[in-house]
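**Q** After the structure tokens below, expect a handful of questions from me.
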Amino acid sequence: MDKPKIGFYWCASCGGCEEAIVDLAEDILRITAAVDLVFWPVALDFKKEDVLAMPNGSMAAVFINGAVRTSEQEEMASLLRAKSQFVIAFGACAQLGGIPGLANQFSRDSILNYVYDGAPTVVNEKHVRPSVRCEDNNRTLTLPEFRSVVRTLEQIVHVDYFLPGCPPTPRLITSAIDALLTGKLPPPGSVLAPDVALCDQCPRKKSKPEQIRFAAFKRPHLTSMDSDLCFLAQGVVCMGPATRGGCEALCPAANMPCTGCFGPTSRVHDQGAKMLSSLSAAVDAKESDQVDAVLAGIPDPVGTFYRYALPASLLRFSANIGSAAVKETL
Amino acid sequence: MELGQKIKCEADRTAGFGKAIAAMPGCERLGSCIQCGACSGACPLSIYMDQSPRQVIALVRGDFKKQALSCNTIWLCSSCYACTVQCPREIGITDIMYALKQCAMSERAYPAGLSIPILARQFVRMVVRRGRITETRLVMRFFLQTNWKAAISSWRLGLNLIRTRRFGIRQQHIKQHLELAAMLAQAKNANAGGSP
Amino acid sequence: MSDMNWQPRIVAFFCSWCTYTAADLAGVSRFRYAPNVRIIRLMCSGRIDPQFVLCALADGADGVLIGGCHPGDCHYAEGNFKTFRRYRMILRLLADMGVAGDRVRLEWISASEGERVKTVINEMVERIRALGPLDIPGRFAACDSEILESADAIRLPQCKETHDVVPEVVHG
Amino acid sequence: MSNDESIRTGFYVCHCGHNISDVVDCTAVARYASTLAGVMVSRDYKYMCSSPGQELIRQDILEHKLNRVVVASCSPLLHEHTFRNAVAAGGLNPFLFQMVNIREHDAWVHADRAAATAKAQALVSAAIRRVALHKPLQATRAPIHPDVLVVGGGIAGIHAALTLANAGKKVYLVERQPSIGGHMAQFDKTFPTLDCAACILTPKMSAVRSHKNIVLWTYSEVAKVDGYVGNYTVTVRRKARYVDENLCVGCQECIDACVFKVPKFPDPFNLGMSMQKPIYIPFPQAVPQAAVIDPDRCIQLKTGKCKKTCVEACADRKAINLNQKEQLLEIKVGSIITATGFKLFDAKRLPEYGYGRYPDVMTTIELERLVSSSGPTGGELRLRSGKPPTAVGFILCVGSRDMRTNRWCSRTCCMHSMKLAQIVRERTGAQVTVFYIDIRAPGKGYEEFYDRSLQQGVQFVRGRVAEVSDCALSPDEAGKLVIRVEDTLAGFVRRVPLDLVVLAVGMEPQADAQEMRRILNMSCSAEGWFLEKHPKMAPVSTFTDGVFIAGCCQGPKDIPDSIAQAGAAAAEALALIDAGGIDQEPNTAYIRGEECSGCKSCISLCPYAAISFDAEKQKAVINPALCKGCGTCVASCPSGSIGQNLFEDQEVFEEINGVLDYV
Amino acid sequence: MRYHYFPGCSLKGLGRAYDESLRPVMERLGVELAEIDDWNCCGATAYMSTDHCNACALGARNIAIAESSGPGDIVAPCNACYLALNKTRNCLAGDSATRAAVQKALAVAKLTYTGTAAVRHPLEVLVYDVGINVIKRNVVRPLKDLKIAPYYGCQLVRPHCSFDDQWNPTAMDRILTALGARVVDFPLKTRCCGGSLTGTAPEAGLRLTHIILGEAQRRGADLIATICPLCQFNLDSYHDQIARRWGPARIPAVYITQLMGMAFGLPTEQLGLKRNFLPADKLLAAT
């Protein structure tokens, strides 16, 4: 019998998820021995044509990391969906939109304006912008279309499983692939990580007091943080309570608070709203200005509570973009 | 435009007036008035009254004698008793009107130009002298004293009365009219409390 | 372009003890107010999960009204203060997400303030009417129209579709 | 939590006579509901809350094998219980039910039939979606502590306490003043019977003192109330009286012996019209009959430098204890009756009436003390000049029925003034004029009393007095107080000279009513009167179960009404106690054990300390007996691991979605 | 049946048709009316307006004369007399001071008031002493097709009416029905006609008369039946003035006794019908 065919693909991502595969270390040998790697553009020389040539459903599974922003990524996601039995959203960006998803606060134009003109390091006297098609010396150059918003993979194609994390930990990747190989799969649509929040695993859990009130919020880079004490007990925003566990609490172990890359538990629709609710309810003030003063310690609520999950949140993107997109499409 | 003081002070009141009226026969329940206005509503003549019957009661009760006696209300009262039977406090409002008329008559306090009291006066005089009333003579005397033009303008009524043989020219009288006069003199103003 | 027939859609979350009772009182007193607000009863304004507010907006509400007991009067001691703190943060979050703060309003209305229910609802409706439609479902659809040609299976997640349970129904 | 069974919902829309159907098209609503998922039966009916209406539900459950019921009618606060019972009668768990409020929140507040019907349909859609997620629940039963706290020792509190004590219940009666009796103790007579107030009040006061079931704490205040119906923990502050009331026999020897030979401090019971010493007994009939020392006036307590003649005088009884300290006592009760009374309107707030400026302008309560045989003058009514008055005027509605002060009618002033008017006429023969706006005499025998006042020659002038002044415009006004008023019935403005003007001051909520309300977790009307649960159907209950109200703290009322209400409040408390327990709405929150991460975020948010941390399992746990169901923790749990019965997240999400179903 | 008869001044003057018709009708019904010897004016409203005690003395003299001349009640056909005499009786019964004063005055004429004779109205006598059936039996010319508005006036029923309803008296209705007439439903039965105000304050007095006439006309009455000389005079005498002010309402007003006489077949000329200003043509034609 043929070994199951496996593919990897990346969309809008930093490449960290690809690194995570390499981080499997010796395990990667065991895996490559068990599967047939038929598509991995970042490591091996495969082209789109190779995929097109495959029969539909011929791959056992494809792991796609990164959010979806361009028409090319949409096209590849659709293509791989057709060719593969299982599509696994790999990492926070594919699952939730990830860090690139924070762009959903801004319109396409304002992003392009900043990147191609506004940023202090850019000189662009002609105010050139990338365009989908460009004629130059009788050659036609094309670029994929830059969509109005960042989307999660599932907002483009049907996704069978989600591997959370920024990036997913080697242990989660190994167990996911093992499950795939052995056929011991959880119900479709599952997130392949425990459905209990991170605090459950956090080494600092014991140090969290039962009674907690926030008189001020501190930011990690401006604070000297106790290396054993619960971050929340120190007034540092830690997304751990609102974030799915399974990461082995690597960040707290490295004296950094959780930023929420594993996304919410299955019982929560909107990770940011939940964390916002929990934190602000416990603010130690009653008067409007005092409450605002404490909450001012969180200068960027979207960046704090939705660092990885804005495109997957209830509002998905800024209402300003919505209206811009409406204008453009009409 | 002539300005007159409308506000009422102590000087405008006559102490004891209300009490005196309440002491007159049939007026005992004056004090019970709750100013509901049933009397004014029931009165068929209140449309012509300068003070409604209810207001008259208020004036009497507040000892505003001058105001109570100078209104046309008491004279427009035709004694139909509609107010009295409707009063929820069983106040003899018609009797109070009588009491006020008596008071006004004895003090000649009724409004100038109001002819109704003159008829009453003529009536009484005729009864005292003759014991009975001869209506046509009473009316003629009344018109002569008050408005002789009206008497002339009533010529048609007079002719009709003659036509229907009702124009009494002969003065009716009783046999014992002197005795009656003596009797009335004896009883004059002898009622309890007297005229205030 | 605004639809001539557009009417503001407002979801209200009222606590059972004060504001819901006040709305009952407004009814008993026959105060007339605009019919655009749909009231959802919760035991305490403290039960209002910010997810509810976002869900209402994502589901098509043009505004959200939150009603609770006056500070110090909460039947559950301080539930309304918790709501208030969350509300202050929600306003900032919504501002960053391009939703005008006026669309979400928090009001303290005690059980005896039936007339205030009328005033607040009418004011809210007028405010939303002035702001115009928010129509987040429409924005989702408009945005997603750009990917229709390239996607083979597009799922437009809305809050209702993410529910655990879609009860199987037999219609009789 | 998917249900295996298929959802079979019965839907019922009530016309409520014409209350709903006049505005909402009930048949259209029923037709619409029949198209919704899971609806097996959809009906409209004239009166759903009637027996046949309830029977309809029961029958349908049996016939159509319904497993969910939705009723669209009035407010759930009114009839949720009724319909849950009807559902239970059909053999279904009563919580597989949802109610839609289309009367108070729809038909009664909208006029546009189309819009109101559309709103009703959206609300119905929400309920039908929601009810599909409902799960069977069990109401829990909480025990009731049989002891009762009565706050306030006026006539209402006294009557409530005695009623309960006579029924064999232990009652704590807490009164702020050194004696019980309240305002009634200051009255000379009561209307309309004109019987002596003291004669009917004093026996009740003594009965309180001697009743074996009553713990009487005067000079005490409720400081704190914790807990919930059936199980309140109350902290009572007992101020230092400096006299042991159990040892004091009220002989007054200490008062005679006080170093102050002459009383020199205004006596509040007589409104400052007489004087008292630093050690005093509030009034002759005071209960308890024990002296009290005013620490702000007692030389020993102020400076520590007194001969302490009082202690000497008390000799062997040793009742005086100048070292007494304030005590905080904690008691457990199951229910609380609030009878904290009212305060009188401060007539100085209406300067046009000259109270405080003219010595012969006084309030009704001051006059009450002056005509009382136990009052400062022994019942003799004299002007400040010493002469008896010949013309006395009563101004009614002082501070009442006035948008500038208090909008409400104080209800008792008409009768109170007429009573005093009769007393004044009887005692002095003075001419008495009552200036009124409307005479309100709606009690039994009250109209007759009014008639009697009229018959006795009390003059009634309809008109709100504009001013009281001592400026004489004519000789007959010299040396008098002159009232300017429109006699609206005679139809002119009058100037009325009087010797004595009595202001019928209205009632106001106690100054600390808001504080009391917070302590007891009650609601107040906008004016500050304690709010009854329902003005007609639950007039002595409050929105807080187990807390009842009686007397004037709920609104102005006279003695018979206060006593009637006190009796009703006592009966409600007795019914609660004798029921042995109380069914509680099963709306408690619970931790989904496996899913909790033990982040402890919820623990500090619970106002009832119902959440604790299980150190062994490293997860939070909620004690359902302590949980009151506010849901604050549910809304805050960052990982969505707390559920709330009756208000599950998913149920609310369905409801949100449903109400946004614009038909 | 024998009664003391107190005709009153009006029945000797303007209202003599009432007297003229009452006597033969009563005779036909077996009622004997013995006129009180040397009776005097009842005092009416005018005297009461002047002097209460004198007003009572006037009435008391008449009653005392009647009482001294034998047993029996007094019949007073004029509403004003009926009220004045009854008022006298009530005053003397309830007010001892007035009674004493009046007795003292009567003593001048060697009279004593005992209060034994009741003062009654012919209507009462007709309905209760004679009886409707007797009246019916005497009808020989039924007043068929005549629509009659029964008008009682105010002073018969107010303030204290003992034999009929204060708001809706029916004695006359019953007699009219017995006579074969059609009784018009007439809500103004007891409304004041204006009394003497028609003369002293025509604006006010005539308006009241007009209201009664106008309403009777509106209700289709052919005739108004009255039982009081002043009412009849007012309703009959001012048609021209009323028409000038408020438009015509020409409905004849006749005494109930005239109607009875006609129905009993008594000679028309005996009933004083010619004394009407506005002739009761329809009545004459009908019988």
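Residue names in the structure tokens use chain letters A, B, ... in the order shown, residue numbers from 1 in each chain, and ligand numbers from 1 in the order shown.
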Can you check which residues of stretch 125-250 of chain A DSSP gives as helix (DSSP H, G or I) on the backbone and send them as a VMD selection string?

**A** chain A and resid 153 to 155 170 to 182 198 to 200 205 to 207 220 to 222 232 to 234 240 to 242 250

**Q** Can you check which residues of stretch 2-170 of chain C DSSP gives as strand (DSSP E) on the backbone and send them as an NGL selection string?

**A** :C and (10-15 or 37-42 or 63-68 or 104-108)

**Q** I need the residues from that last selection saved to file as an mmCIF file, in the first residue's frame (with N, CA and C atoms), if you can.

**A**
data_model
loop_
_atom_site.group_PDB
_atom_site.id
_atom_site.type_symbol
_atom_site.label_atom_id
_atom_site.label_comp_id
_atom_site.auth_asym_id
_atom_site.auth_seq_id
_atom_site.Cartn_x
_atom_site.Cartn_y
_atom_site.Cartn_z
ATOM 1 N N ILE C 10 -32.942 47.584 17.560
ATOM 2 C CA ILE C 10 -32.203 47.733 18.805
ATOM 3 C C ILE C 10 -32.516 46.566 19.734
ATOM 4 N N VAL C 11 -31.467 45.977 20.247
ATOM 5 C CA VAL C 11 -31.644 44.912 21.233
ATOM 6 C C VAL C 11 -31.360 45.508 22.612
ATOM 7 N N ALA C 12 -32.268 45.251 23.541
ATOM 8 C CA ALA C 12 -32.067 45.763 24.886
ATOM 9 C C ALA C 12 -31.879 44.605 25.850
ATOM 10 N N PHE C 13 -30.938 44.765 26.742
ATOM 11 C CA PHE C 13 -30.763 43.786 27.821
ATOM 12 C C PHE C 13 -31.126 44.488 29.118
ATOM 13 N N PHE C 14 -32.216 44.048 29.736
ATOM 14 C CA PHE C 14 -32.677 44.702 30.962
ATOM 15 C C PHE C 14 -32.590 43.739 32.137
ATOM 16 N N CYS C 15 -32.175 44.271 33.261
ATOM 17 C CA CYS C 15 -32.145 43.429 34.456
ATOM 18 C C CYS C 15 -33.570 43.256 34.967
ATOM 19 N N VAL C 37 -37.322 48.651 19.804
ATOM 20 C CA VAL C 37 -36.448 47.997 20.780
ATOM 21 C C VAL C 37 -37.040 46.649 21.195
ATOM 22 N N ARG C 38 -36.205 45.639 21.200
ATOM 23 C CA ARG C 38 -36.616 44.303 21.652
ATOM 24 C C ARG C 38 -35.907 44.022 22.969
ATOM 25 N N ILE C 39 -36.690 43.732 23.973
ATOM 26 C CA ILE C 39 -36.115 43.610 25.311
ATOM 27 C C ILE C 39 -35.847 42.153 25.664
ATOM 28 N N ILE C 40 -34.639 41.898 26.137
ATOM 29 C CA ILE C 40 -34.275 40.561 26.632
ATOM 30 C C ILE C 40 -34.039 40.676 28.131
ATOM 31 N N ARG C 41 -34.714 39.815 28.873
ATOM 32 C CA ARG C 41 -34.628 39.888 30.334
ATOM 33 C C ARG C 41 -33.489 39.027 30.849
ATOM 34 N N LEU C 42 -32.676 39.611 31.710
ATOM 35 C CA LEU C 42 -31.652 38.849 32.420
ATOM 36 C C LEU C 42 -31.840 39.144 33.897
ATOM 37 N N GLY C 63 -28.150 48.956 17.259
ATOM 38 C CA GLY C 63 -27.777 49.509 18.551
ATOM 39 C C GLY C 63 -28.113 48.526 19.656
ATOM 40 N N VAL C 64 -27.471 48.719 20.791
ATOM 41 C CA VAL C 64 -27.724 47.864 21.944
ATOM 42 C C VAL C 64 -27.953 48.763 23.160
ATOM 43 N N LEU C 65 -29.021 48.478 23.862
ATOM 44 C CA LEU C 65 -29.343 49.251 25.062
ATOM 45 C C LEU C 65 -29.232 48.326 26.270
ATOM 46 N N ILE C 66 -28.486 48.794 27.256
ATOM 47 C CA ILE C 66 -28.332 47.999 28.479
ATOM 48 C C ILE C 66 -28.986 48.760 29.615
ATOM 49 N N GLY C 67 -29.849 48.104 30.352
ATOM 50 C CA GLY C 67 -30.516 48.774 31.466
ATOM 51 C C GLY C 67 -30.276 48.024 32.760
ATOM 52 N N GLY C 68 -29.902 48.752 33.786
ATOM 53 C CA GLY C 68 -29.678 48.127 35.089
ATOM 54 C C GLY C 68 -30.134 49.038 36.204
ATOM 55 N N VAL C 104 -24.105 51.834 21.478
ATOM 56 C CA VAL C 104 -24.294 51.008 22.668
ATOM 57 C C VAL C 104 -24.461 51.947 23.852
ATOM 58 N N ARG C 105 -25.572 51.803 24.539
ATOM 59 C CA ARG C 105 -25.874 52.756 25.603
ATOM 60 C C ARG C 105 -26.205 51.998 26.884
ATOM 61 N N LEU C 106 -25.690 52.522 27.970
ATOM 62 C CA LEU C 106 -25.981 51.933 29.272
ATOM 63 C C LEU C 106 -26.791 52.943 30.080
ATOM 64 N N GLU C 107 -27.892 52.518 30.623
ATOM 65 C CA GLU C 107 -28.736 53.426 31.404
ATOM 66 C C GLU C 107 -29.137 52.777 32.716
ATOM 67 N N TRP C 108 -29.123 53.559 33.763
ATOM 68 C CA TRP C 108 -29.638 53.070 35.037
ATOM 69 C C TRP C 108 -31.100 53.490 35.139
#

**Q** Determine which residues of chain D sit within 8 Å of chain B, taking into account only C-alpha atoms, and present them as a ChimeraX atom specification.

**A** /D:451,454-455,457,459,476-477,489-497

**Q** Show which residues sit within 8 Å of D:Met522, as a list in words. Count only C-alpha atoms, and ignore same-chain residues fewer than 6 positions away.

**A**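 Near neighbours after the sequence-gap exclusion: Asp73 and His75 of chain C; Phe530, Leu531, Thr542, Phe543, Thr544 and Val547 of chain D.
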
**Q** List the neighbours of B:Ile21 out to 10 Å using only C-alpha atoms; skip same-chain residues closer than 4 positions along the sequence, and give me the result as a list in words.

**A**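 Contacts, with the query itself left out: Gly16, Phe17, Pro25, Gly26, Cys27, Glu28, Leu30, Val60, Arg61, Asp63, Lys65, Asp95, Ile96, Met97, Ala99, Leu100, Cys103, Gly193, Gly194, Ser195 and Pro196 of chain B.
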